[in-house]
$ cat final35.pdb   # PDB, C-alpha atoms
ATOM      1  CA  MET A 951      12.915  58.322 -64.018
ATOM      2  CA  LYS A 952      13.706  58.149 -60.296
ATOM      3  CA  LYS A 953      10.684  55.859 -59.767
ATOM      4  CA  SER A 954      11.905  53.554 -62.537
ATOM      5  CA  ILE A 955      15.363  53.351 -61.021
ATOM      6  CA  LYS A 956      13.902  52.708 -57.575
ATOM      7  CA  PHE A 957      11.645  49.970 -58.958
ATOM      8  CA  LEU A 958      14.528  48.381 -60.832
ATOM      9  CA  LEU A 959      16.672  48.451 -57.684
ATOM     10  CA  ILE A 960      13.934  46.848 -55.571
ATOM     11  CA  PHE A 961      13.311  44.217 -58.278
ATOM     12  CA  THR A 962      17.029  43.385 -58.501
ATOM     13  CA  VAL A 963      17.394  43.084 -54.715
ATOM     14  CA  GLY A 964      14.284  40.909 -54.561
ATOM     15  CA  LEU A 965      15.534  38.673 -57.351
ATOM     16  CA  ILE A 966      18.892  38.256 -55.648
ATOM     17  CA  PHE A 967      17.105  37.382 -52.380
ATOM     18  CA  ILE A 968      14.955  34.781 -54.159
ATOM     19  CA  LEU A 969      18.012  33.236 -55.839
ATOM     20  CA  ILE A 970      19.848  33.074 -52.506
ATOM     21  CA  MET A 971      16.878  31.383 -50.817
ATOM     22  CA  TYR A 972      16.559  28.935 -53.732
ATOM     23  CA  PHE A 973      20.262  28.085 -53.494
ATOM     24  CA  ILE A 974      19.987  27.498 -49.734
ATOM     25  CA  LYS A 975      16.905  25.317 -50.238
ATOM     26  CA  PHE A 976      18.596  23.377 -53.046
ATOM     27  CA  LYS A 977      21.738  22.839 -50.978
ATOM     28  CA  PHE A 978      19.666  21.691 -47.984
ATOM     29  CA  SER A 979      17.684  19.381 -50.237
ATOM     30  CA  LEU A 980      20.901  17.897 -51.658
ATOM     31  CA  GLN A 981      22.383  17.422 -48.189
ATOM     32  CA  ASN A 982      19.145  15.855 -46.996
ATOM     33  CA  LYS A 983      19.150  13.506 -49.994
ATOM     34  CA  GLN A 984      22.730  12.490 -49.218
ATOM     35  CA  GLU A 985      21.765  11.898 -45.594
ATOM     36  CA  LEU A 986      18.837   9.743 -46.707
ATOM     37  CA  ASN A 987      21.162   7.719 -48.894
ATOM     38  CA  THR A 988      23.242   6.912 -45.824
ATOM     39  CA  VAL A 989      20.254   5.601 -43.873
ATOM     40  CA  LYS A 990      18.519   3.519 -46.535
ATOM     41  CA  TYR A 991      19.521   0.338 -44.738
ATOM     42  CA  ASN A 992      20.120  -1.041 -41.267
ATOM     43  CA  PHE A 993      21.662  -4.295 -40.127
ATOM     44  CA  LYS A 994      22.191  -6.701 -37.276
ATOM     45  CA  LEU A 995      24.936  -9.253 -36.642
ATOM     46  CA  PHE A 996      23.764 -12.679 -35.514
ATOM     47  CA  ASN A 997      24.932 -16.236 -34.969
ATOM     48  CA  ALA A 998      24.198 -18.174 -38.168
ATOM     49  CA  GLN A 999      26.064 -21.284 -37.056
ATOM     50  CA  ASN A1000      23.627 -24.158 -36.920
ATOM     51  CA  SER A1001      23.234 -27.581 -38.469
ATOM     52  CA  ILE A1002      21.943 -26.420 -41.864
ATOM     53  CA  SER A1003      23.942 -26.434 -45.066
ATOM     54  CA  TYR A1004      24.267 -22.889 -46.412
ATOM     55  CA  ASN A1005      24.399 -24.314 -49.944
ATOM     56  CA  ASP A1006      20.803 -25.515 -49.572
ATOM     57  CA  TYR A1007      19.442 -22.071 -48.734
ATOM     58  CA  MET A1008      21.805 -19.430 -50.056
ATOM     59  CA  ASP A1009      23.852 -18.275 -53.033
ATOM     60  CA  TYR A1010      27.635 -17.999 -52.830
ATOM     61  CA  MET A1011      30.078 -15.332 -53.970
ATOM     62  CA  ASN A1012      33.562 -14.214 -52.932
ATOM     63  CA  GLY A1013      33.650 -16.540 -49.934
ATOM     64  CA  ILE A1014      30.325 -15.194 -48.636
ATOM     65  CA  TYR A1015      26.925 -16.900 -48.599
ATOM     66  CA  TYR A1016      23.975 -14.588 -49.196
ATOM     67  CA  LYS A1017      20.226 -14.617 -49.731
ATOM     68  CA  LYS A1018      17.863 -11.909 -50.946
ATOM     69  CA  ILE A1019      14.365 -12.029 -49.423
ATOM     70  CA  SER A1020      11.650  -9.910 -51.031
ATOM     71  CA  ASP A1021       8.578 -11.783 -49.828
ATOM     72  CA  TYR A1022       7.150 -11.960 -46.305
ATOM     73  CA  ASN A1023       6.259 -15.650 -46.557
ATOM     74  CA  GLU A1024       9.811 -16.505 -47.522
ATOM     75  CA  TYR A1025      11.049 -14.277 -44.709
ATOM     76  CA  LYS A1026       9.027 -16.288 -42.188
ATOM     77  CA  GLU A1027      10.746 -19.486 -43.335
ATOM     78  CA  TYR A1028      14.198 -17.946 -42.802
ATOM     79  CA  LYS A1029      13.083 -16.483 -39.488
ATOM     80  CA  LYS A1030      12.430 -20.055 -38.337
ATOM     81  CA  ILE A1031      15.986 -21.003 -39.277
ATOM     82  CA  TRP A1032      17.570 -17.890 -37.757
ATOM     83  CA  PRO A1033      15.275 -16.341 -35.121
ATOM     84  CA  ASP A1034      17.803 -13.588 -34.378
ATOM     85  CA  ILE A1035      17.618 -11.849 -37.768
ATOM     86  CA  LEU A1036      16.025  -8.408 -37.893
ATOM     87  CA  GLU A1037      12.279  -8.183 -37.425
ATOM     88  CA  MET A1038      10.138  -7.385 -40.485
ATOM     89  CA  THR A1039       6.371  -7.143 -40.876
ATOM     90  CA  GLU A1040       4.395  -7.974 -43.973
ATOM     91  CA  ASP A1041       3.789  -4.258 -44.622
ATOM     92  CA  SER A1042       7.504  -3.457 -44.364
ATOM     93  CA  PHE A1043       8.124  -5.484 -47.523
ATOM     94  CA  ASP A1044       6.169  -2.865 -49.472
ATOM     95  CA  ASN A1045       9.195  -0.558 -49.275
ATOM     96  CA  ASN A1046      12.044  -2.821 -48.203
ATOM     97  CA  PHE A1047      13.727  -6.150 -48.759
ATOM     98  CA  MET A1048      16.250  -8.171 -46.787
ATOM     99  CA  ILE A1049      19.719  -9.541 -47.501
ATOM    100  CA  ILE A1050      21.169 -12.234 -45.228
ATOM    101  CA  THR A1051      24.884 -13.078 -45.339
ATOM    102  CA  ALA A1052      26.855 -15.845 -43.645
ATOM    103  CA  THR A1053      30.494 -16.958 -43.615
ATOM    104  CA  GLU A1054      32.080 -20.183 -42.440
ATOM    105  CA  ASN A1055      35.856 -20.038 -42.906
ATOM    106  CA  ILE A1056      38.467 -18.344 -40.729
ATOM    107  CA  SER A1057      39.693 -15.959 -43.442
ATOM    108  CA  MET A1058      36.197 -14.453 -43.684
ATOM    109  CA  SER A1059      35.583 -14.237 -39.928
ATOM    110  CA  ARG A1060      34.987 -11.011 -37.930
ATOM    111  CA  LEU A1061      33.053  -9.360 -40.736
ATOM    112  CA  THR A1062      30.523  -6.570 -40.300
ATOM    113  CA  LEU A1063      28.611  -4.478 -42.820
ATOM    114  CA  GLY A1064      30.810  -1.903 -44.522
ATOM    115  CA  GLU A1065      28.758  -0.427 -47.367
ATOM    116  CA  VAL A1066      25.602  -0.820 -49.433
ATOM    117  CA  TYR A1067      25.137   0.969 -52.757
ATOM    118  CA  THR A1068      23.864   0.506 -56.302
ATOM    119  CA  GLN A1069      25.743   1.119 -59.528
ATOM    120  CA  ASP A1070      25.096   0.015 -63.110
ATOM    121  CA  ASP A1071      22.094  -2.186 -62.257
ATOM    122  CA  THR A1072      24.007  -3.961 -59.482
ATOM    123  CA  LEU A1073      23.466  -3.866 -55.730
ATOM    124  CA  TYR A1074      26.833  -3.978 -53.951
ATOM    125  CA  VAL A1075      27.006  -5.258 -50.376
ATOM    126  CA  GLY A1076      30.481  -4.833 -48.918
ATOM    127  CA  LEU A1077      31.514  -6.568 -45.684
ATOM    128  CA  LYS A1078      34.540  -5.224 -43.837
ATOM    129  CA  LYS A1079      36.910  -6.852 -41.372
ATOM    130  CA  VAL A1080      36.752  -5.860 -37.708
ATOM    131  CA  THR A1081      40.251  -5.418 -36.286
ATOM    132  CA  ASN A1082      41.524  -7.524 -33.399
ATOM    133  CA  ALA A1083      41.590  -4.439 -31.161
ATOM    134  CA  GLU A1084      37.830  -3.938 -31.549
ATOM    135  CA  GLU A1085      35.247  -5.829 -29.543
ATOM    136  CA  PHE A1086      33.538  -8.520 -31.595
ATOM    137  CA  ASN A1087      31.458 -11.590 -30.783
ATOM    138  CA  GLU A1088      33.237 -14.386 -32.643
ATOM    139  CA  GLU A1089      30.011 -16.398 -32.834
ATOM    140  CA  ASN A1090      28.378 -13.771 -35.061
ATOM    141  CA  ASN A1091      29.108 -15.017 -38.559
ATOM    142  CA  GLY A1092      25.834 -13.783 -40.050
ATOM    143  CA  ILE A1093      24.399 -10.370 -40.946
ATOM    144  CA  SER A1094      20.763  -9.512 -41.660
ATOM    145  CA  ILE A1095      20.276  -6.273 -43.598
ATOM    146  CA  ILE A1096      17.026  -4.416 -44.285
ATOM    147  CA  ILE A1097      17.416  -2.300 -47.435
ATOM    148  CA  ASP A1098      15.172   0.334 -48.992
ATOM    149  CA  LYS A1099      13.706  -0.808 -52.322
ATOM    150  CA  GLU A1100      15.142   2.320 -53.947
ATOM    151  CA  LEU A1101      18.480   0.501 -53.815
ATOM    152  CA  ASP A1102      17.119  -2.676 -55.393
ATOM    153  CA  SER A1103      18.834  -3.807 -58.609
ATOM    154  CA  LYS A1104      18.846  -6.701 -61.047
ATOM    155  CA  GLU A1105      22.185  -8.100 -59.903
ATOM    156  CA  ILE A1106      23.794  -8.524 -56.489
ATOM    157  CA  GLU A1107      27.493  -8.569 -55.703
ATOM    158  CA  VAL A1108      28.561  -9.432 -52.159
ATOM    159  CA  PHE A1109      32.229  -8.862 -51.445
ATOM    160  CA  LYS A1110      34.870  -8.064 -48.854
ATOM    161  CA  THR A1111      35.562  -4.349 -48.739
ATOM    162  CA  ILE A1112      37.910  -1.899 -47.022
ATOM    163  CA  GLU A1113      37.590   1.730 -45.981
ATOM    164  CA  THR A1114      39.851   3.134 -48.723
ATOM    165  CA  LYS A1115      39.603   1.577 -52.176
ATOM    166  CA  GLU A1116      42.208   3.222 -54.403
ATOM    167  CA  TYR A1117      42.310   2.326 -58.076
ATOM    168  CA  LEU A1118      45.609   2.344 -59.934
ATOM    169  CA  THR A1119      46.494   5.294 -62.135
ATOM    170  CA  ASN A1120      49.101   3.649 -64.390
ATOM    171  CA  TYR A1121      46.743   0.873 -65.531
ATOM    172  CA  ILE A1122      43.187   0.840 -66.784
ATOM    173  CA  ASN A1123      40.501   0.029 -64.226
ATOM    174  CA  ILE A1124      40.747  -3.641 -63.329
ATOM    175  CA  LYS A1125      37.001  -4.047 -63.921
ATOM    176  CA  ASP A1126      37.400  -2.836 -67.513
ATOM    177  CA  LEU A1127      39.865  -5.556 -68.492
ATOM    178  CA  PRO A1128      38.564  -8.010 -71.115
ATOM    179  CA  TYR A1129      37.565 -11.403 -69.800
ATOM    180  CA  GLU A1130      39.879 -13.048 -72.337
ATOM    181  CA  TYR A1131      42.906 -11.101 -71.081
ATOM    182  CA  SER A1132      46.037 -12.624 -72.607
ATOM    183  CA  ILE A1133      49.612 -12.968 -71.391
ATOM    184  CA  SER A1134      50.845 -10.851 -74.314
ATOM    185  CA  GLU A1135      48.416  -8.070 -73.357
ATOM    186  CA  ALA A1136      49.582  -8.275 -69.753
ATOM    187  CA  MET A1137      53.206  -8.067 -70.874
ATOM    188  CA  SER A1138      52.567  -4.976 -72.994
ATOM    189  CA  ASP A1139      50.652  -3.410 -70.070
ATOM    190  CA  ASN A1140      53.776  -3.756 -67.885
ATOM    191  CA  CYS A1141      52.124  -6.229 -65.543
ATOM    192  CA  VAL A1142      54.136  -8.622 -63.431
ATOM    193  CA  ILE A1143      53.271 -12.128 -64.621
ATOM    194  CA  ILE A1144      53.593 -15.202 -62.415
ATOM    195  CA  GLU A1145      52.948 -18.389 -64.366
ATOM    196  CA  ASN A1146      53.393 -21.609 -62.395
ATOM    197  CA  ASN A1147      55.567 -19.587 -59.971
ATOM    198  CA  LYS A1148      57.848 -18.422 -62.791
ATOM    199  CA  CYS A1149      57.967 -14.625 -62.889
ATOM    200  CA  TYR A1150      58.126 -12.343 -65.933
ATOM    201  CA  ASN A1151      58.621  -8.565 -65.862
ATOM    202  CA  ILE A1152      60.221  -9.089 -62.445
ATOM    203  CA  GLU A1153      61.962  -5.707 -62.797
ATOM    204  CA  GLN A1154      58.548  -4.065 -62.372
ATOM    205  CA  PHE A1155      58.074  -5.867 -59.076
ATOM    206  CA  ASN A1156      61.591  -4.962 -57.888
ATOM    207  CA  GLU A1157      60.948  -1.302 -58.697
ATOM    208  CA  PHE A1158      57.685  -1.441 -56.746
ATOM    209  CA  ILE A1159      59.454  -2.955 -53.726
ATOM    210  CA  SER A1160      62.262  -0.400 -53.930
ATOM    211  CA  LYS A1161      59.843   2.535 -53.962
ATOM    212  CA  THR A1162      57.738   1.254 -51.094
ATOM    213  CA  SER A1163      60.879   0.563 -49.053
ATOM    214  CA  ASN A1164      61.786   4.235 -49.495
ATOM    215  CA  SER A1165      58.304   5.492 -48.524
ATOM    216  CA  ILE A1166      57.342   6.367 -52.098
ATOM    217  CA  ASN A1167      53.806   5.791 -53.339
ATOM    218  CA  SER A1168      53.822   3.001 -55.889
ATOM    219  CA  GLU A1169      51.535   0.569 -57.656
ATOM    220  CA  ILE A1170      51.720  -2.707 -59.532
ATOM    221  CA  ARG A1171      49.392  -5.081 -61.339
ATOM    222  CA  ILE A1172      50.184  -8.777 -61.023
ATOM    223  CA  VAL A1173      48.736 -11.487 -63.259
ATOM    224  CA  ILE A1174      48.889 -14.970 -61.744
ATOM    225  CA  ILE A1175      48.267 -17.925 -64.048
ATOM    226  CA  ASP A1176      47.503 -21.432 -62.875
ATOM    227  CA  GLU A1177      46.845 -24.062 -65.543
ATOM    228  CA  ALA A1178      44.383 -25.862 -63.273
ATOM    229  CA  THR A1179      42.241 -22.961 -62.045
ATOM    230  CA  GLY A1180      42.753 -20.034 -64.423
ATOM    231  CA  MET A1181      43.935 -16.439 -64.150
ATOM    232  CA  GLU A1182      43.876 -14.114 -61.156
ATOM    233  CA  ILE A1183      44.633 -10.410 -61.539
ATOM    234  CA  MET A1184      45.810  -8.487 -58.510
ATOM    235  CA  ASP A1185      46.204  -4.731 -58.098
ATOM    236  CA  ILE A1186      48.490  -3.528 -55.298
ATOM    237  CA  LYS A1187      48.878   0.130 -54.410
ATOM    238  CA  TYR A1188      51.111   1.405 -51.634
ATOM    239  CA  ILE A1189      49.940   4.674 -50.028
ATOM    240  CA  ASP A1190      52.686   6.027 -47.800
ATOM    241  CA  SER A1191      50.470   8.553 -45.986
ATOM    242  CA  LEU A1192      48.351   5.631 -44.770
ATOM    243  CA  GLY A1193      51.237   3.213 -44.404
ATOM    244  CA  LYS A1194      49.122   0.623 -46.200
ATOM    245  CA  TYR A1195      49.128  -1.654 -49.213
ATOM    246  CA  ILE A1196      45.676  -1.529 -50.838
ATOM    247  CA  VAL A1197      44.888  -4.722 -52.753
ATOM    248  CA  CYS A1198      42.100  -5.658 -55.156
ATOM    249  CA  ARG A1199      41.921  -9.347 -56.121
ATOM    250  CA  ASP A1200      40.058 -10.043 -59.367
ATOM    251  CA  ARG A1201      39.216 -13.741 -59.517
ATOM    252  CA  THR A1202      36.457 -13.597 -62.139
ATOM    253  CA  ARG A1203      38.504 -15.893 -64.393
ATOM    254  CA  ILE A1204      39.059 -18.533 -61.705
ATOM    255  CA  GLU A1205      37.167 -21.831 -61.814
ATOM    256  CA  PRO A1206      34.579 -22.335 -60.461
ATOM    257  CA  HIS A1207      33.071 -18.922 -61.264
ATOM    258  CA  TYR A1208      31.810 -17.739 -57.883
ATOM    259  CA  GLN A1209      34.684 -15.324 -57.251
ATOM    260  CA  LYS A1210      34.763 -11.698 -58.389
ATOM    261  CA  TYR A1211      36.404  -8.733 -56.689
ATOM    262  CA  ASN A1212      37.507  -8.582 -53.061
ATOM    263  CA  TYR A1213      39.481  -5.777 -51.404
ATOM    264  CA  TYR A1214      42.153  -6.031 -48.729
ATOM    265  CA  GLU A1215      44.656  -3.835 -46.945
ATOM    266  CA  TYR A1216      47.994  -4.713 -45.361
ATOM    267  CA  ASN A1217      50.356  -2.612 -43.270
ATOM    268  CA  SER A1218      53.669  -4.434 -43.750
ATOM    269  CA  PHE A1219      55.602  -6.367 -46.366
ATOM    270  CA  GLU A1220      58.324  -9.015 -46.229
ATOM    271  CA  LYS A1221      60.478 -10.640 -48.891
ATOM    272  CA  SER A1222      62.289 -13.888 -48.108
ATOM    273  CA  ASP A1223      64.403 -16.366 -50.041
ATOM    274  CA  ILE A1224      63.110 -19.905 -50.438
ATOM    275  CA  ASP A1225      64.299 -22.895 -52.413
ATOM    276  CA  GLU A1226      64.697 -21.851 -56.056
ATOM    277  CA  GLY A1227      62.896 -18.552 -55.588
ATOM    278  CA  HIS A1228      61.342 -15.920 -53.344
ATOM    279  CA  LYS A1229      58.298 -15.481 -51.144
ATOM    280  CA  TYR A1230      56.558 -12.120 -50.900
ATOM    281  CA  THR A1231      54.293 -11.684 -47.871
ATOM    282  CA  PHE A1232      51.866  -8.828 -47.218
ATOM    283  CA  ILE A1233      50.631  -8.706 -43.625
ATOM    284  CA  ASN A1234      47.832  -6.941 -41.777
ATOM    285  CA  SER A1235      48.873  -6.980 -38.129
ATOM    286  CA  GLU A1236      45.472  -5.580 -37.082
ATOM    287  CA  THR A1237      43.464  -8.499 -38.503
ATOM    288  CA  ASN A1238      46.111 -11.253 -38.875
ATOM    289  CA  GLU A1239      45.429 -11.442 -42.626
ATOM    290  CA  LYS A1240      48.235 -12.448 -44.980
ATOM    291  CA  LEU A1241      48.811 -12.509 -48.722
ATOM    292  CA  GLU A1242      51.673 -14.670 -49.990
ATOM    293  CA  LEU A1243      53.138 -14.722 -53.509
ATOM    294  CA  TYR A1244      55.815 -17.116 -54.746
ATOM    295  CA  THR A1245      58.234 -16.711 -57.650
ATOM    296  CA  LYS A1246      61.107 -18.727 -59.069
TER
END
$ encode --input "final35.pdb" --output "structure tokens"
Amino acid sequence: MKKSIKFLLIFTVGLIFILIMYFIKFKFSLQNKQELNTVKYNFKLFNAQNSISYNDYMDYMNGIYYKKISDYNEYKEYKKIWPDILEMTEDSFDNNFMIITATENISMSRLTLGEVYTQDDTLYVGLKKVTNAEEFNEENNGISIIIDKELDSKEIEVFKTIETKEYLTNYINIKDLPYEYSISEAMSDNCVIIENNKCYNIEQFNEFISKTSNSINSEIRIVIIDEATGMEIMDIKYIDSLGKYIVCRDRTRIEPHYQKYNYYEYNSFEKSDIDEGHKYTFINSETNEKLELYTK
């Protein structure tokens, strides 16, 4: 009996030891996998400003030109155009591919790589704004990115991103809205609607402004309708602990259809009276970005 108890005790202790070692190994493996996910790409900023037309060589989305290169021969052609892009050998294309981005307008200047990830068969490449206080070569309007093929996907979405993307809690996810989103649906969803500068559900906007003025977290969804271009949907969330207004601009319904979702952040807000209405201005003093809305 004593031998059986001793054996059972040794077996139990051994089993516990094995389980502990397995847990440690599993945790290390998970951490290592997460670390690998953070290093599945590298990038280099470069000067892409030359005499070529980006439209002839690249696709366009959200104010950003981009090109995916999966073949070494094609890479050599782009290397002739931009000698300063990252170096790749023919063998490196067995496990990697390249994305090149370029911008040409002032609002999309001072961009660097912010994030690269895949989700729902889409590769997302987010470019973030470098603040005025940070050192940045203004001539570098291009980014070359080498990405592990494990992140390759059918679709690509290149967009402007920010460090903290907060989705609204009082509205459904902006990306889940139907493409044919109607004014009546927006009204019932308590959105602020601005149609040809005329504002509906303005009390929602006034409540949002009142809360933010009193350092209270608040959020609003604004639907802007222009008969000529289409509908833009804008999510604005004020986070008092950050002192920032987080903004997502959904322009998927705007003509022509090369706009999707871009993210912005602003650290101050102003309301001013203008002829027959008001102007609402969100400002980022660190990047000189502005967002202006007009209502009658």
$ resolve_selection --input "final35.pdb" --expression "the PyMOL selection byres ((chain A and resi 1157) around 12)" --output "compact mmCIF listing (two decimals) with C-alpha atoms, keeping the file's coordinate frame"
# COMPACT_ATOMS: atom_id res chain seq x y z
CA ASN A 1140 53.78 -3.76 -67.89
CA VAL A 1142 54.14 -8.62 -63.43
CA ASN A 1151 58.62 -8.56 -65.86
CA ILE A 1152 60.22 -9.09 -62.44
CA GLU A 1153 61.96 -5.71 -62.80
CA GLN A 1154 58.55 -4.07 -62.37
CA PHE A 1155 58.07 -5.87 -59.08
CA ASN A 1156 61.59 -4.96 -57.89
CA PHE A 1158 57.68 -1.44 -56.75
CA ILE A 1159 59.45 -2.96 -53.73
CA SER A 1160 62.26 -0.40 -53.93
CA LYS A 1161 59.84 2.54 -53.96
CA THR A 1162 57.74 1.25 -51.09
CA SER A 1163 60.88 0.56 -49.05
CA ASN A 1164 61.79 4.24 -49.50
CA ILE A 1166 57.34 6.37 -52.10
CA ASN A 1167 53.81 5.79 -53.34
CA SER A 1168 53.82 3.00 -55.89
CA GLU A 1169 51.54 0.57 -57.66
CA ILE A 1170 51.72 -2.71 -59.53
$ closest_residue --input "final35.pdb" --among "A:Ile1096, A:Ile1049, A:Cys1198, A:Leu1101" --to "Gln1069 (chain A)" --atoms "all atoms listed in the file"
A:Leu1101
$ atom_distance --input "final35.pdb" --atom1 "CA of Val1066 (chain A)" --atom2 "CA of Gly1180 (chain A)"
29.8 Å
$ atom_distance --input "final35.pdb" --atom1 "CA of Arg1199 (chain A)" --atom2 "CA of Asn1120 (chain A)"
17.0 Å
$ resolve_selection --input "final35.pdb" --expression "the PyMOL selection byres ((chain A and resi 1183) around 9)" --output "PyMOL selection string"
chain A and resi 1124+1171-1175+1181-1182+1184-1185+1198-1203
$ write_last_selection --input "final35.pdb" --atoms "C-alpha atoms" --output "compact mmCIF listing (two decimals), in the frame of the given file"
# COMPACT_ATOMS: atom_id res chain seq x y z
CA ILE A 1124 40.75 -3.64 -63.33
CA ARG A 1171 49.39 -5.08 -61.34
CA ILE A 1172 50.18 -8.78 -61.02
CA VAL A 1173 48.74 -11.49 -63.26
CA ILE A 1174 48.89 -14.97 -61.74
CA ILE A 1175 48.27 -17.92 -64.05
CA MET A 1181 43.94 -16.44 -64.15
CA GLU A 1182 43.88 -14.11 -61.16
CA MET A 1184 45.81 -8.49 -58.51
CA ASP A 1185 46.20 -4.73 -58.10
CA CYS A 1198 42.10 -5.66 -55.16
CA ARG A 1199 41.92 -9.35 -56.12
CA ASP A 1200 40.06 -10.04 -59.37
CA ARG A 1201 39.22 -13.74 -59.52
CA THR A 1202 36.46 -13.60 -62.14
CA ARG A 1203 38.50 -15.89 -64.39
$ closest_residue --input "final35.pdb" --among "A:Ile1112, A:Leu1243, A:Leu995, A:Val1197" --to "Glu1088 (chain A)" --atoms "all atoms listed in the file"
A:Leu995
$ resolve_selection --input "final35.pdb" --expression "the PyMOL selection byres ((chain A and resi 1109) around 9)" --output "list in words"
Met1011, Asn1012, Gly1013, Ile1014, Tyr1074, Val1075, Gly1076, Leu1077, Lys1078, Glu1107, Val1108, Lys1110, Thr1111, Lys1210, Tyr1211, Asn1212 and Tyr1213 of chain A
$ closest_residue --input "final35.pdb" --among "A:Lys990, A:Ala1052, A:Ile1196, A:Leu1061" --to "Asn1005 (chain A)" --atoms "all atoms listed in the file"
A:Ala1052
$ axis_aligned_box --input "final35.pdb" --around "region 1012-1029 of chain A" --padding-each-side "8 Å" --output "lines of an AutoDock Vina configuration file"
center_x = 20.0
center_y = -14.7
center_z = -46.2
size_x = 43.4
size_y = 25.6
size_z = 29.4
$ decode --input "final35.pdb" --residues "region 1104-1146 of chain A" --atoms "C-alpha atoms" --output "compact mmCIF listing (two decimals), in the first residue's frame"
# COMPACT_ATOMS: atom_id res chain seq x y z
CA LYS A 1104 -5.68 38.74 -52.33
CA GLU A 1105 -6.48 42.40 -51.72
CA ILE A 1106 -4.38 45.38 -50.65
CA GLU A 1107 -5.56 48.44 -48.77
CA VAL A 1108 -3.11 51.31 -48.31
CA PHE A 1109 -4.28 54.01 -45.93
CA LYS A 1110 -3.30 56.72 -43.49
CA THR A 1111 -3.25 55.39 -39.95
CA ILE A 1112 -2.75 56.64 -36.39
CA GLU A 1113 -1.39 55.05 -33.23
CA THR A 1114 -4.78 54.69 -31.49
CA LYS A 1115 -7.75 53.69 -33.62
CA GLU A 1116 -10.84 53.69 -31.40
CA TYR A 1117 -14.13 52.50 -32.84
CA LEU A 1118 -17.38 54.01 -31.62
CA THR A 1119 -19.49 52.12 -29.10
CA ASN A 1120 -22.87 53.79 -29.71
CA TYR A 1121 -22.90 52.96 -33.44
CA ILE A 1122 -22.20 49.82 -35.40
CA ASN A 1123 -18.72 49.49 -36.88
CA ILE A 1124 -18.36 51.95 -39.73
CA LYS A 1125 -17.03 49.17 -41.98
CA ASP A 1126 -20.23 47.17 -41.45
CA LEU A 1127 -22.53 49.87 -42.80
CA PRO A 1128 -24.34 48.95 -46.04
CA TYR A 1129 -22.98 50.57 -49.17
CA GLU A 1130 -26.46 51.89 -49.97
CA TYR A 1131 -26.73 53.68 -46.61
CA SER A 1132 -29.74 56.00 -46.73
CA ILE A 1133 -30.51 59.33 -45.08
CA SER A 1134 -33.47 57.78 -43.25
CA GLU A 1135 -31.20 55.06 -41.84
CA ALA A 1136 -28.70 57.69 -40.75
CA MET A 1137 -31.46 59.68 -39.07
CA SER A 1138 -32.72 56.66 -37.14
CA ASP A 1139 -29.11 55.84 -36.13
CA ASN A 1140 -28.82 59.30 -34.52
CA CYS A 1141 -26.17 60.46 -36.96
CA VAL A 1142 -25.56 64.12 -37.64
CA ILE A 1143 -26.43 64.72 -41.29
CA ILE A 1144 -24.94 67.54 -43.34
CA GLU A 1145 -26.56 67.79 -46.76
CA ASN A 1146 -25.34 70.67 -48.93
